[in-house]
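Enquirer: What follows is input.cif, made up of mmCIF, C-alpha atoms and all ligand atoms:
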```cif
data_target
#
loop_
_atom_site.label_atom_id
_atom_site.label_comp_id
_atom_site.auth_asym_id
_atom_site.auth_seq_id
_atom_site.Cartn_x
_atom_site.Cartn_y
_atom_site.Cartn_z
CA MET A 1 -2.57 3.35 -10.81
CA HIS A 2 -0.32 1.67 -8.32
CA GLU A 3 1.96 0.84 -11.23
CA MET A 4 3.35 4.37 -10.80
CA SER A 5 4.46 3.81 -7.22
CA LEU A 6 5.73 0.32 -8.02
CA MET A 7 7.74 1.71 -10.91
CA GLN A 8 9.22 4.42 -8.71
CA GLY A 9 10.44 1.69 -6.37
CA ILE A 10 11.77 -0.36 -9.27
CA LEU A 11 13.68 2.61 -10.71
CA ASP A 12 15.18 3.37 -7.30
CA SER A 13 16.35 -0.23 -6.87
CA VAL A 14 17.72 -0.40 -10.40
CA GLU A 15 19.61 2.87 -10.00
CA ASN A 16 21.09 1.67 -6.71
CA ALA A 17 22.24 -1.61 -8.21
CA ALA A 18 23.61 0.02 -11.38
CA CYS A 19 25.33 2.74 -9.43
CA GLU A 20 26.90 0.27 -7.01
CA ALA A 21 28.26 -1.73 -9.92
CA GLY A 22 29.77 1.43 -11.39
CA ALA A 23 27.51 1.49 -14.45
CA ILE A 24 26.96 4.69 -16.38
CA ALA A 25 23.65 3.73 -17.95
CA VAL A 26 20.99 1.05 -17.95
CA SER A 27 19.88 -0.31 -21.31
CA GLU A 28 17.33 -2.92 -20.26
CA VAL A 29 15.22 -3.71 -17.21
CA ARG A 30 13.70 -7.19 -16.96
CA LEU A 31 10.75 -7.88 -14.69
CA SER A 32 8.87 -11.09 -13.91
CA ILE A 33 5.26 -10.62 -12.97
CA GLY A 34 2.83 -13.34 -11.95
CA GLN A 35 -0.50 -13.38 -13.73
CA MET A 36 -2.32 -13.50 -10.38
CA THR A 37 -1.03 -10.07 -9.36
CA GLU A 38 -2.97 -6.93 -10.18
CA ILE A 39 -0.18 -5.49 -12.29
CA VAL A 40 -1.10 -4.42 -15.81
CA PRO A 41 1.93 -4.63 -18.14
CA ASP A 42 0.77 -1.71 -20.32
CA ALA A 43 0.49 0.47 -17.24
CA MET A 44 4.03 -0.57 -16.27
CA ASP A 45 5.27 0.50 -19.73
CA PHE A 46 3.50 3.81 -19.31
CA ALA A 47 4.91 4.36 -15.82
CA PHE A 48 8.41 3.49 -17.04
CA GLU A 49 8.19 6.01 -19.86
CA ALA A 50 6.84 8.65 -17.52
CA LEU A 51 9.35 8.15 -14.71
CA SER A 52 12.61 7.03 -16.33
CA PRO A 53 13.70 10.29 -18.02
CA GLY A 54 16.47 11.92 -16.01
CA THR A 55 17.46 8.61 -14.38
CA LEU A 56 20.10 6.04 -15.38
CA CYS A 57 17.20 4.19 -17.06
CA GLU A 58 16.43 6.95 -19.54
CA GLY A 59 16.01 5.37 -22.97
CA ALA A 60 16.21 1.82 -21.61
CA GLN A 61 13.94 -1.05 -22.68
CA LEU A 62 11.46 -2.47 -20.20
CA LYS A 63 10.87 -6.21 -20.66
CA VAL A 64 8.04 -7.73 -18.64
CA THR A 65 7.77 -11.52 -18.55
CA MET A 66 4.43 -12.78 -17.30
CA ILE A 67 4.51 -15.91 -15.16
CA ALA A 68 1.63 -18.35 -15.58
CA ILE A 69 -0.58 -19.29 -12.64
CA ARG A 70 0.17 -22.82 -11.47
CA SER A 71 -1.46 -24.82 -8.70
CA LYS A 72 -1.15 -28.24 -7.15
CA CYS A 73 -4.10 -30.43 -6.18
CA ASN A 74 -3.96 -31.48 -2.54
CA VAL A 75 -6.08 -34.55 -3.26
CA CYS A 76 -4.45 -36.14 -6.30
CA ASP A 77 -1.16 -34.19 -6.40
CA HIS A 78 -1.77 -33.11 -9.99
CA GLU A 79 0.07 -29.90 -10.94
CA PHE A 80 -1.64 -27.68 -13.48
CA GLU A 81 -1.62 -24.23 -15.06
CA HIS A 82 -4.84 -22.26 -15.01
CA ASP A 83 -6.29 -18.81 -15.57
CA ARG A 84 -7.38 -16.29 -12.93
CA TYR A 85 -10.87 -17.75 -12.72
CA HIS A 86 -10.59 -21.52 -12.52
CA TRP A 87 -9.02 -22.96 -9.40
CA GLY A 88 -10.40 -26.49 -9.35
CA CYS A 89 -8.25 -29.52 -10.22
CA PRO A 90 -8.88 -30.47 -13.87
CA LYS A 91 -8.15 -34.11 -13.08
CA CYS A 92 -10.25 -34.89 -10.02
CA ASP A 93 -12.42 -31.73 -9.71
CA SER A 94 -11.18 -31.12 -6.18
CA LEU A 95 -11.26 -27.49 -5.05
CA ALA A 96 -8.56 -28.14 -2.47
CA THR A 97 -5.64 -26.72 -4.39
CA GLU A 98 -2.57 -24.79 -3.47
CA LEU A 99 -1.08 -21.94 -5.48
CA LEU A 100 2.49 -22.67 -6.59
CA ALA A 101 3.18 -19.74 -8.89
CA GLY A 102 1.49 -16.60 -10.16
CA ARG A 103 2.00 -14.02 -7.43
CA GLU A 104 5.62 -13.16 -8.28
CA MET A 105 6.79 -9.58 -8.68
CA TYR A 106 10.52 -9.49 -9.33
CA ILE A 107 13.19 -7.34 -10.87
CA GLU A 108 15.07 -10.23 -12.48
CA SER A 109 18.03 -8.49 -14.00
CA ILE A 110 19.21 -5.38 -15.74
CA GLU A 111 21.54 -4.74 -18.64
CA VAL A 112 24.02 -1.99 -17.89
CA GLU A 113 26.67 -0.05 -19.74
CA MET A 114 29.96 0.31 -17.90
CA SER A 115 32.35 3.20 -18.28
CA ASP A 116 35.66 2.33 -19.99
CA GLU A 117 37.54 2.65 -16.72
CA GLU A 118 38.37 -0.41 -14.63
CA PRO A 119 35.98 -1.03 -11.78
CA GLN A 120 37.78 -0.22 -8.48
CA SER A 121 37.60 -3.78 -7.18
CA GLY A 122 39.29 -5.11 -10.29
CA GLN A 123 38.46 -8.80 -10.28
CA THR A 124 35.70 -9.04 -12.91
CA ASP A 125 36.65 -10.51 -16.29
CA GLY A 126 33.68 -8.91 -18.05
CA ARG A 127 32.07 -12.22 -19.01
CA ASP A 128 30.43 -13.33 -15.78
CA ALA A 129 27.41 -11.46 -14.57
CA ILE A 130 28.15 -9.51 -11.44
CA VAL A 131 25.73 -10.64 -8.79
CA VAL A 132 24.51 -7.71 -6.78
CA ASN A 133 22.65 -8.71 -3.72
CA ALA A 134 20.11 -5.92 -3.66
CA VAL A 135 18.33 -7.36 -0.65
CA THR A 136 20.80 -5.90 1.78
CA GLU A 137 21.02 -2.71 3.75
CA PRO A 138 20.93 0.69 2.03
CA LEU A 139 23.68 1.21 -0.51
CA SER A 140 26.05 4.11 -0.32
CA CYS A 141 24.97 5.65 -3.59
CA ALA A 142 21.30 5.10 -2.89
CA GLY A 143 18.62 7.72 -2.64
CA GLU A 144 16.01 6.79 -0.08
CA ARG A 145 12.67 5.85 -1.54
CA ALA A 146 10.20 8.69 -0.98
CA MET B 1 26.77 -6.38 -19.11
CA GLU B 2 24.00 -8.15 -17.27
CA LEU B 3 23.37 -7.68 -13.54
CA GLU B 4 21.23 -10.30 -11.85
CA LEU B 5 19.05 -8.73 -9.19
CA ALA B 6 16.31 -11.26 -8.45
CA GLN B 7 14.84 -8.66 -6.14
CA PRO B 8 11.19 -8.62 -5.11
CA ILE B 9 9.59 -5.43 -6.39
CA LEU B 10 7.78 -4.99 -3.09
CA ASP B 11 10.88 -5.84 -1.10
CA LEU B 12 10.74 -2.69 1.04
CA ASN B 13 7.04 -3.11 1.71
CA ASP B 14 7.33 -6.81 2.50
CA ARG B 15 10.26 -6.39 4.87
CA GLN B 16 8.45 -3.66 6.80
CA ALA B 17 5.31 -5.84 6.86
CA VAL B 18 7.29 -8.67 8.45
CA LYS B 19 8.54 -6.22 11.09
CA ASN B 20 4.96 -5.09 11.71
CA ARG B 21 3.97 -8.72 12.13
CA GLU B 22 6.73 -9.30 14.66
CA LEU B 23 5.72 -6.24 16.66
CA LEU B 24 2.07 -7.33 16.63
CA ASP B 25 2.97 -10.88 17.64
CA GLU B 26 4.98 -9.62 20.58
CA ASN B 27 1.90 -7.75 21.74
CA HIS B 28 -0.56 -10.55 20.87
CA VAL B 29 -2.56 -8.32 18.56
CA PHE B 30 -4.67 -9.75 15.73
CA VAL B 31 -5.01 -7.61 12.59
CA LEU B 32 -7.84 -7.71 10.06
CA ASP B 33 -7.26 -5.90 6.76
CA LEU B 34 -10.66 -5.02 5.32
CA LEU B 35 -10.92 -4.42 1.58
CA ALA B 36 -13.82 -3.13 -0.52
CA SER B 37 -14.79 -0.49 -3.05
CA PRO B 38 -15.78 3.01 -1.87
CA GLY B 39 -19.25 2.97 -0.32
CA ALA B 40 -19.53 -0.82 0.03
CA GLY B 41 -19.94 -0.31 3.77
CA LYS B 42 -16.47 -0.79 5.26
CA THR B 43 -16.91 1.78 8.01
CA SER B 44 -20.48 0.65 8.71
CA SER B 45 -19.38 -3.00 8.88
CA ILE B 46 -16.52 -2.10 11.21
CA LEU B 47 -18.95 -0.33 13.54
CA SER B 48 -21.37 -3.27 13.58
CA THR B 49 -18.47 -5.69 14.13
CA ILE B 50 -17.32 -3.53 17.05
CA ASP B 51 -20.84 -3.81 18.50
CA GLN B 52 -20.49 -7.59 18.51
CA LEU B 53 -16.93 -7.86 19.76
CA ARG B 54 -16.19 -4.87 21.99
CA ASP B 55 -17.08 -6.75 25.17
CA LYS B 56 -14.68 -9.51 24.31
CA TYR B 57 -11.70 -7.71 22.78
CA ARG B 58 -9.92 -4.39 23.11
CA ILE B 59 -10.23 -2.95 19.60
CA ALA B 60 -8.62 -0.14 17.59
CA VAL B 61 -9.17 0.91 14.01
CA ILE B 62 -6.74 2.20 11.39
CA GLU B 63 -8.56 4.19 8.72
CA GLY B 64 -6.99 4.49 5.30
CA ASP B 65 -8.41 7.15 3.01
CA ILE B 66 -7.06 9.27 0.22
CA ALA B 67 -8.09 12.35 2.22
CA SER B 68 -10.21 13.47 5.23
CA ASP B 69 -10.67 11.96 8.67
CA VAL B 70 -14.46 11.57 8.73
CA ASP B 71 -14.28 7.79 9.13
CA ALA B 72 -11.82 8.01 12.03
CA GLN B 73 -14.15 10.54 13.66
CA ARG B 74 -17.09 8.12 13.28
CA ILE B 75 -15.07 5.41 15.02
CA LYS B 76 -13.83 7.71 17.79
CA GLN B 77 -17.40 8.81 18.52
CA TYR B 78 -17.98 5.14 19.23
CA GLY B 79 -15.36 5.26 21.96
CA ILE B 80 -12.85 3.22 19.99
CA PRO B 81 -9.28 4.44 19.33
CA ALA B 82 -8.83 5.29 15.66
CA VAL B 83 -5.84 6.43 13.62
CA GLN B 84 -6.39 8.08 10.27
CA ILE B 85 -3.89 7.53 7.47
CA ASN B 86 -4.28 9.85 4.51
CA THR B 87 -2.53 8.31 1.55
CA GLY B 88 -2.64 11.56 -0.40
CA GLY B 89 -3.76 9.94 -3.64
CA ALA B 90 -2.27 6.48 -3.25
CA CYS B 91 -4.82 3.78 -4.00
CA HIS B 92 -3.75 1.37 -1.26
CA LEU B 93 -2.07 1.25 2.15
CA GLU B 94 1.55 0.20 2.47
CA SER B 95 3.28 -1.40 5.42
CA LEU B 96 5.27 1.70 6.36
CA MET B 97 2.02 3.68 6.74
CA ILE B 98 0.73 0.92 9.03
CA LYS B 99 3.96 1.06 11.03
CA ARG B 100 3.42 4.78 11.64
CA ALA B 101 -0.12 4.09 12.81
CA LEU B 102 1.05 1.25 15.10
CA ASP B 103 3.54 3.65 16.64
CA VAL B 104 0.76 5.86 17.99
CA LEU B 105 -1.39 2.99 19.27
CA ASP B 106 -1.01 1.44 22.69
CA LEU B 107 -0.38 -2.09 21.42
CA ASP B 108 -0.16 -3.86 24.74
CA GLN B 109 -3.65 -2.54 25.50
CA LEU B 110 -5.13 -4.07 22.32
CA ASP B 111 -6.33 -7.47 21.08
CA LEU B 112 -7.71 -6.56 17.67
CA ILE B 113 -6.87 -3.92 15.07
CA ILE B 114 -9.18 -3.50 12.11
CA ILE B 115 -7.66 -1.75 9.09
CA GLU B 116 -10.06 -0.06 6.71
CA ASN B 117 -8.04 -0.08 3.52
CA VAL B 118 -8.50 2.52 0.76
CA GLY B 119 -11.69 1.90 -1.22
CA ASN B 120 -10.43 -0.10 -4.19
CA LEU B 121 -10.95 -3.66 -5.45
CA VAL B 122 -7.60 -3.92 -7.17
CA CYS B 123 -4.53 -2.29 -5.71
CA PRO B 124 -4.59 -3.28 -2.00
CA THR B 125 -4.58 -6.96 -3.00
CA ASP B 126 -0.85 -7.14 -3.67
CA PHE B 127 0.31 -5.40 -0.49
CA TYR B 128 1.07 -7.41 2.63
CA LEU B 129 0.82 -5.11 5.63
CA GLY B 130 1.61 -7.57 8.39
CA GLU B 131 -2.07 -8.47 8.88
CA ASN B 132 -3.33 -11.89 9.99
CA ILE B 133 -6.13 -12.00 7.43
CA LYS B 134 -7.55 -10.04 4.56
CA VAL B 135 -11.33 -10.00 4.26
CA MET B 136 -13.27 -8.28 1.51
CA ILE B 137 -16.72 -6.77 1.46
CA LEU B 138 -18.91 -6.70 -1.63
CA SER B 139 -22.22 -4.88 -1.39
CA VAL B 140 -25.39 -5.97 -3.16
CA PRO B 141 -25.71 -2.84 -5.36
CA GLU B 142 -22.29 -3.56 -6.89
CA GLY B 143 -23.64 -6.67 -8.62
CA HIS B 144 -23.07 -10.42 -8.46
CA ASP B 145 -20.66 -10.41 -11.40
CA LYS B 146 -17.81 -8.78 -9.44
CA PRO B 147 -15.89 -12.01 -8.73
CA LEU B 148 -15.55 -12.37 -12.49
CA LYS B 149 -14.20 -8.85 -12.87
CA TYR B 150 -11.97 -8.71 -9.78
CA PRO B 151 -10.82 -12.30 -9.21
CA GLY B 152 -7.59 -11.22 -7.51
CA ILE B 153 -9.19 -9.71 -4.42
CA PHE B 154 -11.70 -12.54 -4.04
CA GLN B 155 -8.86 -15.01 -4.26
CA ALA B 156 -6.68 -13.17 -1.75
CA SER B 157 -9.39 -12.85 0.92
CA GLN B 158 -9.88 -15.38 3.69
CA ALA B 159 -13.58 -14.56 3.91
CA VAL B 160 -16.10 -12.56 1.89
CA ILE B 161 -18.75 -10.35 3.45
CA LEU B 162 -21.80 -9.66 1.31
CA ASN B 163 -23.17 -6.38 2.71
CA LYS B 164 -26.44 -4.48 2.23
CA ILE B 165 -28.58 -7.62 1.98
CA ASP B 166 -31.49 -5.46 3.14
CA THR B 167 -31.48 -4.11 -0.44
CA LEU B 168 -31.67 -7.52 -2.18
CA SER B 169 -35.29 -6.92 -3.20
CA VAL B 170 -34.35 -3.77 -5.09
CA PHE B 171 -31.45 -5.16 -7.11
CA ASP B 172 -31.24 -8.15 -9.45
CA PHE B 173 -28.41 -9.59 -7.38
CA ASP B 174 -28.24 -13.40 -7.76
CA GLU B 175 -26.83 -14.60 -4.46
CA GLN B 176 -26.54 -18.23 -5.58
CA LEU B 177 -24.57 -17.25 -8.68
CA PHE B 178 -22.39 -14.99 -6.55
CA ARG B 179 -21.62 -17.78 -4.09
CA GLU B 180 -20.78 -20.16 -6.94
CA SER B 181 -18.30 -17.78 -8.51
CA VAL B 182 -16.68 -17.04 -5.16
CA ALA B 183 -16.39 -20.79 -4.50
CA ARG B 184 -14.69 -21.32 -7.85
CA LEU B 185 -12.12 -18.64 -7.08
CA ASN B 186 -11.67 -19.34 -3.41
CA PRO B 187 -13.19 -22.63 -2.27
CA THR B 188 -12.22 -22.26 1.38
CA ALA B 189 -13.53 -18.72 1.93
CA PRO B 190 -16.86 -18.50 3.77
CA VAL B 191 -19.42 -15.94 2.55
CA PHE B 192 -21.23 -13.92 5.23
CA PRO B 193 -24.37 -12.10 4.07
CA ILE B 194 -24.95 -9.13 6.37
CA SER B 195 -26.70 -5.82 6.66
CA ALA B 196 -24.32 -3.53 8.48
CA LEU B 197 -27.15 -1.01 8.66
CA LYS B 198 -29.69 -3.30 10.34
CA GLY B 199 -27.24 -5.63 12.07
CA THR B 200 -28.55 -8.73 10.25
CA GLY B 201 -26.04 -11.59 9.95
CA VAL B 202 -23.25 -9.71 11.71
CA ASP B 203 -23.23 -12.26 14.57
CA ALA B 204 -22.19 -15.15 12.30
CA TRP B 205 -19.39 -13.07 10.80
CA ALA B 206 -18.25 -11.84 14.21
CA GLN B 207 -18.25 -15.39 15.55
CA TRP B 208 -16.06 -16.60 12.69
CA LEU B 209 -13.69 -13.65 13.23
CA SER B 210 -13.64 -14.33 16.94
CA GLN B 211 -12.53 -17.91 16.34
CA ARG B 212 -9.71 -16.70 14.14
CA ILE B 213 -8.63 -14.18 16.75
CA ASP B 214 -8.71 -16.74 19.58
CA SER B 215 -6.62 -19.20 17.59
CA VAL B 216 -3.90 -16.57 17.24
CA VAL B 217 -4.16 -14.53 20.40
CA GLN B 218 -3.99 -17.62 22.61
CA GLY B 219 -4.43 -17.23 26.24
CA GLY B 220 -6.16 -13.95 25.27
CA SER B 221 -5.52 -10.96 27.41
CA MET B 222 -9.21 -10.67 28.17
CA GLN B 223 -10.50 -11.53 31.59
N1 LIG C 301 -29.05 -0.14 2.90
C1 LIG C 301 -27.84 -0.29 3.44
N2 LIG C 301 -26.96 0.73 3.40
C2 LIG C 301 -25.75 0.54 3.96
C3 LIG C 301 -25.37 -0.68 4.57
N3 LIG C 301 -24.10 -0.55 5.02
C4 LIG C 301 -23.69 0.69 4.68
N4 LIG C 301 -24.69 1.36 4.05
C5 LIG C 301 -24.65 2.75 3.55
O1 LIG C 301 -23.71 2.83 2.50
C6 LIG C 301 -23.04 4.10 2.53
C7 LIG C 301 -21.54 3.90 2.60
O2 LIG C 301 -21.20 3.26 3.83
P1 LIG C 301 -19.76 3.34 4.47
O3 LIG C 301 -19.76 2.44 5.64
O4 LIG C 301 -19.37 4.76 4.69
O5 LIG C 301 -18.89 2.72 3.29
P2 LIG C 301 -17.28 2.72 3.04
O6 LIG C 301 -17.01 3.83 2.09
O7 LIG C 301 -17.00 1.39 2.42
O8 LIG C 301 -16.63 2.89 4.37
C8 LIG C 301 -23.59 4.83 3.75
O9 LIG C 301 -24.61 5.72 3.31
C9 LIG C 301 -24.16 3.71 4.59
O10 LIG C 301 -25.22 4.13 5.40
C10 LIG C 301 -26.34 -1.73 4.61
O11 LIG C 301 -26.11 -2.82 5.14
N5 LIG C 301 -27.54 -1.48 4.02
MG MG C 302 -15.25 4.30 5.07
ZN ZN C 303 -6.88 -33.44 -8.17
#
```
Could you quickly redo this structure as C-alpha cells?

Expert:
Amino acid sequence: MHEMSLMQGILDSVENAACEAGAIAVSEVRLSIGQMTEIVPDAMDFAFEALSPGTLCEGAQLKVTMIAIRSKCNVCDHEFEHDRYHWGCPKCDSLATELLAGREMYIESIEVEMSDEEPQSGQTDGRDAIVVNAVTEPLSCAGERA
Amino acid sequence: MELELAQPILDLNDRQAVKNRELLDENHVFVLDLLASPGAGKTSSILSTIDQLRDKYRIAVIEGDIASDVDAQRIKQYGIPAVQINTGGACHLESLMIKRALDVLDLDQLDLIIIENVGNLVCPTDFYLGENIKVMILSVPEGHDKPLKYPGIFQASQAVILNKIDTLSVFDFDEQLFRESVARLNPTAPVFPISALKGTGVDAWAQWLSQRIDSVVQGGSMQ
C-alpha cells in the first residue's frame, strides 16, 4: 500500500500550495500517473478518502489521469503506444526501444476556493491561474512531511 | 480558481536521491539496489556475491526490512559492515532512509554498497534511491509466470537473477518461457541463473556486476 504514503506527500504539497496562495479550501486535486508506474488509481482514491478529512482537501474531488506508455524504436524511429507487456517495435520488430512516457507521477493542478478578502500581494485579476512553483524551498505555512 | 503545480509526486524523494548520488559519486561508491519478494534469497545472494567480490572491492550492505535486524547480523558475521533500516511497515525504502544509512558508513573506505530492499515486487520499483543500478531476483519456486504479473519490476531492473536453480527439478518452472517473457519486457537485461545456496552461477553474475562497477568507479581505489 504505498499509495498511502504517496497520498500523504500529495496532501502535504497541496496544502502548502493552497495555503501559500491564500486559499481556504481545495475542491479538486488533479494527478497524472503513467501506466508504467505501480500506482493503482483505486488505491489512490481510497487513500485520499482516508487521509483528506481534517485537511484543506476534505470533501475535494480526486481526478487521476492515466498517461499511456509510449516508446520510440531506436532502429526505425517509429513512435508507438503499448501496454505494460509488449516493448518491441510493432513496425520492425526491434527490441531496441526507448521509453518516452509512462513513468510520470505528477500533481498537475488543484482547484481552490479563495476567501473573499483580497490576496495581500494584490496583482491577480482572478482570471489567470496563479502559478505556484512548488519545487522550491520549504514554504512558510508548510508542515514538514513526516 | 485553478493553481498549476506540475509537481512530481516523489519530488522530495527524488531530490534526496540526487543528493545521495552526488555524495556517492564524490566518494566513488557504486550502489546496487536489490529487489525481490520475501524469501527469494536476497540475503543469501548478497552473501554469495560478497564471496566473489570481497577481494576486489570494499563492500558494505544496507538492509531494509519492515522489522528486525537478523539480516544485518548475518552480514556482520561475515565481517562486512551492515546498516539495518527498519521501515516500520513501509513496503519500500526511500532515499531519506538511505541518506541516514550513508551517514553512518565510512564512504571513502568503500567501493560497493549493496542495498537489500524490502521484500516486495511492486512498491520499490518507483523509488529512485540514488543507486547506480536496480537488479531483481526471482526464485524458481515463485514460478515462471511472474514477469507477466509484475512487469514493472522486470522492466525497471538492469539485470535479472534467477535464484534457487538447484530446485528446478522439483518445480515445473519453465526457464525458456521465463527468459522469453523477460526479454519481451526488458530486451537488454541479462538473466543470471544461480543457486545462492550452492554457489552455482554466482561467478557469471559477479563478473557482470564487476564490469558495471569498474565502468563507474574508474581508477578504482583498489590496489
Ligand atoms: N534451495 C535453495 N534455497 C535457497 C537459495 N537461496 C536462498 N535459499 C533459502 O531461501 C530462504 C530465504 O533466503 P533469504 O536469503 O533469507 O531470502 P530473502 O528474504 O530474500 O533475504 C532461506 O531458507 C535460504 O536458505 C538457493 O539458491 N537454493
Ligand atoms: Mg533478507
Ligand atoms: Zn522499429

Enquirer: Residues within 7 Å of ligand ZN 303 (chain C) (all atoms listed in the file), as an NGL selection string?

Expert: :A and (73-78 or 89-94)

Enquirer: Any idea what's packed within 10 Å of Gly79 in chain B, counting all atoms listed in the file, ignoring anything in its chain fewer than 4 positions away? Could you give it as a list in words?

Expert: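 So, after excluding close chain neighbours, the residues are Ile59, Ala60, Gln73, Arg74 and Ile75 of chain B.
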
Enquirer: Write the selection just made, keeping C-alpha atoms, as a PDB file, in the frame of the given file?

Expert:
```pdb
ATOM      1  CA  ILE B  59     -10.230  -2.950  19.600  1.00  0.00           C
ATOM      2  CA  ALA B  60      -8.620  -0.140  17.590  1.00  0.00           C
ATOM      3  CA  GLN B  73     -14.150  10.540  13.660  1.00  0.00           C
ATOM      4  CA  ARG B  74     -17.090   8.120  13.280  1.00  0.00           C
ATOM      5  CA  ILE B  75     -15.070   5.410  15.020  1.00  0.00           C
TER       6      ILE B  75
END
```

Enquirer: Grab the CA of Val18 in chain B to CA of Leu129 in chain B distance for me, in Å with one decimal place.

Expert: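 Calculated distance between CA of Val18 in chain B and CA of Leu129 in chain B is 7.9 Å.
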
Enquirer: Select residues of chain B: the criterion is any atom within 12 Å of an atom of chain A, counting all atoms listed in the file; output as a ChimeraX atom specification.

Expert: /B:1-15,89-94,96,120-127,146-156,180-189

Enquirer: Considering only C-alpha atoms and all ligand atoms, state which residue in the set B:Ala67, B:Leu162, B:Ile114, B:Ala196 is at the smallest distance from ligand LIG 301 (chain C).

Expert: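 Checking each candidate against ligand LIG 301 (chain C), we get B:Ala196 as the closest.
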
Enquirer: Sorted by chain and rising residue number, which residues of chain B lie within 6 Å of ligand LIG 301 (chain C), and what are their closest atom pairs and distances in Å to one decimal, counting only C-alpha atoms and all ligand atoms, as CSV?

Expert:
```
residue,atom,partner,partner_atom,distance
B:Pro38,CA,C:LIG301,O6,4.2
B:Gly39,CA,C:LIG301,O6,3.4
B:Ala40,CA,C:LIG301,O7,4.1
B:Gly41,CA,C:LIG301,O5,3.2
B:Lys42,CA,C:LIG301,O7,3.6
B:Thr43,CA,C:LIG301,O3,3.8
B:Ser44,CA,C:LIG301,O3,3.6
B:Asn163,CA,C:LIG301,O11,5.2
B:Lys164,CA,C:LIG301,O11,3.4
B:Asp166,CA,C:LIG301,N5,5.7
B:Thr167,CA,C:LIG301,N1,5.7
B:Ser195,CA,C:LIG301,O11,3.4
B:Ala196,CA,C:LIG301,O11,3.9
B:Leu197,CA,C:LIG301,O11,4.1
```

Enquirer: Between CA of Leu32 in chain B and CA of Arg54 in chain B, what distance in Å does the model show, to one decimal?

Expert: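 Answer for the CA of Leu32 in chain B to CA of Arg54 in chain B separation: 14.8 Å.
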
Enquirer: Could you tell me which of B:Asp51, B:Glu116, B:Glu22, B:Asp106 comes closest to ligand MG 302 (chain C) if we count only C-alpha atoms and all ligand atoms?

Expert: B:Glu116

Enquirer: State, in Å with one decimal place, the distance from CA of Met136 in chain B to CA of Gln8 in chain A.

Expert: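 Computed distance, CA of Met136 in chain B to CA of Gln8 in chain A, equals 27.8 Å.
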
Enquirer: Quick one: residues within 8 Å of Ser52 in chain A, all atoms listed in the file counted, chain neighbours fewer than 6 positions away excluded, as number ranges by chain?

Expert: A: 11, 58-59

Enquirer: Quick one: residues within 7 Å of range 133-135 of chain B, all atoms listed in the file counted, chain neighbours fewer than 2 positions away excluded, as a PyMOL selection string?

Expert: chain B and resi 31-35+131+137+157-160

Enquirer: Put those residues in a file: C-alpha atoms, as a short mmCIF file (atom, residue, chain, number, x, y, z; two decimals), in the coordinates of the input.

Expert:
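Contents of result_4.cif, as written:
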```cif
data_model
loop_
_atom_site.label_atom_id
_atom_site.label_comp_id
_atom_site.auth_asym_id
_atom_site.auth_seq_id
_atom_site.Cartn_x
_atom_site.Cartn_y
_atom_site.Cartn_z
CA VAL B 31 -5.01 -7.61 12.59
CA LEU B 32 -7.84 -7.71 10.06
CA ASP B 33 -7.26 -5.90 6.76
CA LEU B 34 -10.66 -5.02 5.32
CA LEU B 35 -10.92 -4.42 1.58
CA GLU B 131 -2.07 -8.47 8.88
CA ILE B 137 -16.72 -6.77 1.46
CA SER B 157 -9.39 -12.85 0.92
CA GLN B 158 -9.88 -15.38 3.69
CA ALA B 159 -13.58 -14.56 3.91
CA VAL B 160 -16.10 -12.56 1.89
#
```

Enquirer: Ranking B:Leu110, B:Val140, B:Val170, B:Leu24 by minimum distance to Val61 in chain B and counting only C-alpha atoms, which one comes first?

Expert: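 For Val61 in chain B, the nearest of the given residues is B:Leu110.
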
Enquirer: Which of these residues is nearest to ligand MG 302 (chain C), using all atoms listed in the file: B:Ser215, B:Asn86, B:Asn117, B:Asn27?

Expert: B:Asn117

Enquirer: Given 8 Å on each side, where is the centre and what are the edge lengths in Å to one decimal of the axis-aligned box enclosing the listed atoms of range 45-60 of chain A, as lines of an AutoDock Vina configuration file?

Expert:
```
center_x = 11.8
center_y = 6.2
center_z = -18.7
size_x = 32.6
size_y = 27.4
size_z = 24.6
```
